[in-house]
Amino acid sequence: MRKEYDFSKRKEYDFSKMKEIKNPYLGKKKAIGINLSPEVIDYFKELAEKTTLPYQKLIDLYLLDCVRRRKKLSLHWAA
């Protein structure tokens, strides 16, 4: 059986012997502003409810998949 430890009794903690852990995500994301149509936002918000991931993360994952697969956008303008 695991013994529970009550941390609230201690007034001070010594963190000097802790290992420094570098954040692997630090510097790998870049904040930008982007205008998206309401349909796009609604679509990803619906997906977010089903997956429990934030809709912004789902948009990022989708775009990252496009980049990795080198997907090309096909535009056909009506004359």
# chains A, B, ... in the order shown; residues from 1 in each chain; ligands from 1
$ closest_atom_pairs --of "range 50-69 of chain A" --to "range 33-37 of chain A" --cutoff "12 Å" --atoms "only C-alpha atoms" --output "Markdown table"
| residue | atom | partner | partner_atom | distance |
| --- | --- | --- | --- | --- |
| A:Gln56 | CA | A:Ile34 | CA | 11.2 |
| A:Ile59 | CA | A:Leu36 | CA | 10.5 |
| A:Asp60 | CA | A:Ile34 | CA | 11.9 |
$ write_last_selection --atoms "C-alpha atoms" --output "compact mmCIF listing (two decimals), in the first residue's frame"
# COMPACT_ATOMS: atom_id res chain seq x y z
CA GLN A 56 -6.55 25.84 -32.30
CA ILE A 59 -6.08 23.57 -36.92
CA ASP A 60 -2.32 23.48 -36.26
$ select_by_dssp --residues "chain A" --states "alpha helix (DSSP H)" --output "list in words"
Pro38, Glu39, Val40, Ile41, Asp42, Tyr43, Phe44, Lys45, Glu46, Leu47, Ala48, Glu49, Lys50, Thr51, Tyr55, Gln56, Lys57, Leu58, Ile59, Asp60, Leu61, Tyr62, Leu63, Leu64, Asp65, Cys66, Val67 and Arg68 of chain A
$ write_last_selection --atoms "C-alpha atoms" --output "compact mmCIF listing (two decimals), in the first residue's frame"
# COMPACT_ATOMS: atom_id res chain seq x y z
CA PRO A 38 -16.64 31.32 -39.38
CA GLU A 39 -17.30 28.00 -41.14
CA VAL A 40 -13.69 26.92 -40.58
CA ILE A 41 -13.77 27.87 -36.91
CA ASP A 42 -17.14 26.16 -36.36
CA TYR A 43 -15.90 22.99 -38.09
CA PHE A 44 -12.80 22.73 -35.92
CA LYS A 45 -14.74 23.63 -32.76
CA GLU A 46 -17.09 20.70 -33.45
CA LEU A 47 -14.09 18.41 -33.89
CA ALA A 48 -12.61 19.79 -30.68
CA GLU A 49 -15.69 18.73 -28.70
CA LYS A 50 -15.32 15.17 -30.01
CA THR A 51 -11.56 14.91 -29.45
CA TYR A 55 -9.70 23.76 -31.80
CA GLN A 56 -6.55 25.84 -32.30
CA LYS A 57 -4.43 22.71 -31.82
CA LEU A 58 -6.57 20.82 -34.35
CA ILE A 59 -6.08 23.57 -36.92
CA ASP A 60 -2.32 23.48 -36.26
CA LEU A 61 -2.24 19.68 -36.59
CA TYR A 62 -4.19 19.80 -39.85
CA LEU A 63 -1.91 22.45 -41.34
CA LEU A 64 1.17 20.57 -40.15
CA ASP A 65 -0.14 17.45 -41.92
CA CYS A 66 -0.55 19.50 -45.12
CA VAL A 67 3.04 20.70 -44.83
CA ARG A 68 4.47 17.25 -44.19
$ atom_distance --atom1 "CA of Lys30 in chain A" --atom2 "CA of Pro54 in chain A"
16.7 Å
$ decode --residues "range 1-74 of chain A" --atoms "C-alpha atoms" --output "PDB file, in the first residue's frame"
ATOM      1  CA  MET A   1       0.000   0.000   0.000  1.00  0.00           C
ATOM      2  CA  ARG A   2       1.307   3.456  -0.952  1.00  0.00           C
ATOM      3  CA  LYS A   3       1.867   5.952   1.834  1.00  0.00           C
ATOM      4  CA  GLU A   4       0.434   9.408   1.248  1.00  0.00           C
ATOM      5  CA  TYR A   5       2.615  12.368   2.179  1.00  0.00           C
ATOM      6  CA  ASP A   6       1.083  15.591   3.402  1.00  0.00           C
ATOM      7  CA  PHE A   7       3.070  18.395   1.746  1.00  0.00           C
ATOM      8  CA  SER A   8       1.106  21.110   3.505  1.00  0.00           C
ATOM      9  CA  LYS A   9       2.952  20.480   6.802  1.00  0.00           C
ATOM     10  CA  ARG A  10       6.270  21.617   5.362  1.00  0.00           C
ATOM     11  CA  LYS A  11       7.089  25.326   5.428  1.00  0.00           C
ATOM     12  CA  GLU A  12      10.076  25.178   3.057  1.00  0.00           C
ATOM     13  CA  TYR A  13      11.235  22.996   0.192  1.00  0.00           C
ATOM     14  CA  ASP A  14      14.763  22.565  -1.135  1.00  0.00           C
ATOM     15  CA  PHE A  15      14.746  22.449  -4.923  1.00  0.00           C
ATOM     16  CA  SER A  16      18.506  22.958  -5.285  1.00  0.00           C
ATOM     17  CA  LYS A  17      19.180  19.293  -6.129  1.00  0.00           C
ATOM     18  CA  MET A  18      16.551  19.076  -8.848  1.00  0.00           C
ATOM     19  CA  LYS A  19      17.656  18.415 -12.405  1.00  0.00           C
ATOM     20  CA  GLU A  20      16.993  21.163 -14.895  1.00  0.00           C
ATOM     21  CA  ILE A  21      14.588  19.907 -17.516  1.00  0.00           C
ATOM     22  CA  LYS A  22      14.489  21.819 -20.772  1.00  0.00           C
ATOM     23  CA  ASN A  23      11.098  22.403 -22.315  1.00  0.00           C
ATOM     24  CA  PRO A  24      11.116  20.548 -25.671  1.00  0.00           C
ATOM     25  CA  TYR A  25       8.385  22.832 -27.044  1.00  0.00           C
ATOM     26  CA  LEU A  26      10.079  26.107 -26.155  1.00  0.00           C
ATOM     27  CA  GLY A  27      10.757  28.075 -29.282  1.00  0.00           C
ATOM     28  CA  LYS A  28       9.022  25.609 -31.576  1.00  0.00           C
ATOM     29  CA  LYS A  29       5.754  27.531 -31.826  1.00  0.00           C
ATOM     30  CA  LYS A  30       5.202  30.995 -33.205  1.00  0.00           C
ATOM     31  CA  ALA A  31       2.188  33.101 -32.299  1.00  0.00           C
ATOM     32  CA  ILE A  32       0.519  34.825 -35.249  1.00  0.00           C
ATOM     33  CA  GLY A  33      -2.781  36.448 -36.048  1.00  0.00           C
ATOM     34  CA  ILE A  34      -4.844  34.808 -38.785  1.00  0.00           C
ATOM     35  CA  ASN A  35      -8.286  35.541 -40.192  1.00  0.00           C
ATOM     36  CA  LEU A  36     -10.411  32.425 -40.670  1.00  0.00           C
ATOM     37  CA  SER A  37     -13.949  32.126 -41.963  1.00  0.00           C
ATOM     38  CA  PRO A  38     -16.641  31.323 -39.383  1.00  0.00           C
ATOM     39  CA  GLU A  39     -17.298  27.996 -41.144  1.00  0.00           C
ATOM     40  CA  VAL A  40     -13.693  26.917 -40.579  1.00  0.00           C
ATOM     41  CA  ILE A  41     -13.769  27.868 -36.914  1.00  0.00           C
ATOM     42  CA  ASP A  42     -17.142  26.160 -36.364  1.00  0.00           C
ATOM     43  CA  TYR A  43     -15.896  22.992 -38.093  1.00  0.00           C
ATOM     44  CA  PHE A  44     -12.799  22.732 -35.917  1.00  0.00           C
ATOM     45  CA  LYS A  45     -14.738  23.627 -32.755  1.00  0.00           C
ATOM     46  CA  GLU A  46     -17.093  20.700 -33.454  1.00  0.00           C
ATOM     47  CA  LEU A  47     -14.093  18.414 -33.890  1.00  0.00           C
ATOM     48  CA  ALA A  48     -12.611  19.788 -30.684  1.00  0.00           C
ATOM     49  CA  GLU A  49     -15.689  18.726 -28.703  1.00  0.00           C
ATOM     50  CA  LYS A  50     -15.319  15.167 -30.007  1.00  0.00           C
ATOM     51  CA  THR A  51     -11.562  14.909 -29.454  1.00  0.00           C
ATOM     52  CA  THR A  52     -11.122  17.030 -26.297  1.00  0.00           C
ATOM     53  CA  LEU A  53      -8.273  18.892 -28.024  1.00  0.00           C
ATOM     54  CA  PRO A  54      -8.478  22.693 -28.359  1.00  0.00           C
ATOM     55  CA  TYR A  55      -9.695  23.757 -31.798  1.00  0.00           C
ATOM     56  CA  GLN A  56      -6.550  25.843 -32.297  1.00  0.00           C
ATOM     57  CA  LYS A  57      -4.434  22.714 -31.822  1.00  0.00           C
ATOM     58  CA  LEU A  58      -6.567  20.819 -34.346  1.00  0.00           C
ATOM     59  CA  ILE A  59      -6.075  23.571 -36.918  1.00  0.00           C
ATOM     60  CA  ASP A  60      -2.324  23.477 -36.255  1.00  0.00           C
ATOM     61  CA  LEU A  61      -2.242  19.680 -36.594  1.00  0.00           C
ATOM     62  CA  TYR A  62      -4.186  19.800 -39.854  1.00  0.00           C
ATOM     63  CA  LEU A  63      -1.905  22.452 -41.341  1.00  0.00           C
ATOM     64  CA  LEU A  64       1.171  20.573 -40.154  1.00  0.00           C
ATOM     65  CA  ASP A  65      -0.144  17.450 -41.918  1.00  0.00           C
ATOM     66  CA  CYS A  66      -0.546  19.504 -45.119  1.00  0.00           C
ATOM     67  CA  VAL A  67       3.042  20.705 -44.826  1.00  0.00           C
ATOM     68  CA  ARG A  68       4.470  17.249 -44.187  1.00  0.00           C
ATOM     69  CA  ARG A  69       2.542  15.731 -47.107  1.00  0.00           C
ATOM     70  CA  ARG A  70       3.482  18.698 -49.305  1.00  0.00           C
ATOM     71  CA  LYS A  71      -0.177  19.192 -50.239  1.00  0.00           C
ATOM     72  CA  LYS A  72      -0.758  21.746 -52.957  1.00  0.00           C
ATOM     73  CA  LEU A  73      -3.820  23.962 -53.056  1.00  0.00           C
ATOM     74  CA  SER A  74      -5.769  23.750 -56.294  1.00  0.00           C
TER      75      SER A  74
END
